[in-house]
Amino acid sequence: MISAINAYLALLNEKPEKEASRLAKLCEVLDALPVEYHRAPNVEPDTLDVSASVPYEPFAIRALASFPELGHYAVVDPLEGVDQEVILGDAIDDLADIARDLSGVLLLIEKGAINDAIWDFRFGYETHWGVHLHQLRSYLHSIMRRFG
């Protein structure tokens, strides 16, 4: 779990030369995170306050600098049927939200709150950053088809 999180966060600090390789690496590190969710034990937190406060803005700035070609994309709820309104997803916001939530998990680990960190990782995947990840992966999949 920790290495998958660190690989994702490190990518926001890198900028490989070619768009295709940069986006392929992003896909790879994003794909590793749900695998880690499924490997993580389903534990109860040790405390009632498992959230770690991490600022959003630095991650948004890093995401935009690392992936300037990413933008808005269409999102629909697959369970809402064909008459729903299409909304816009924002890839930079997705990247920043994922990074912020995962950084909070690392902070809990640094504090020695391992069960809290695992619980927060799993809960965040189920309710927040996982939603961003899967919507973003669909968008990235469409982009990557262009590169063959």
# chains A, B, ... in the order shown; residues from 1 in each chain; ligands from 1
>>> residues_around(residues="A:Asp77", least_positions_apart="2", cutoff="12 Å", atoms="only C-alpha atoms", output="PyMOL selection string")
chain A and resi 74-75+79-89+131+134-135
>>> residues_around(residues="A:Ala117", least_positions_apart="6", cutoff="12 Å", atoms="only C-alpha atoms", output="PyMOL selection string")
chain A and resi 1-2+5+37+40-47+49-52+101-111+123-124
>>> select_by_dssp(residues="stretch 7-142 of chain A", states="helix (DSSP H, G or I)", output="number ranges by chain")
A: 7-11, 19-39, 57-66, 91-110, 114-127, 129-142
>>> closest_residue(among="A:Leu9, A:Ala113, A:Val76, A:Ala99", to="A:Trp129", atoms="only C-alpha atoms")
A:Ala99
>>> closest_residue(among="A:Ala63, A:Thr127, A:Phe121, A:Gly112", to="A:Asp93", atoms="only C-alpha atoms")
A:Ala63
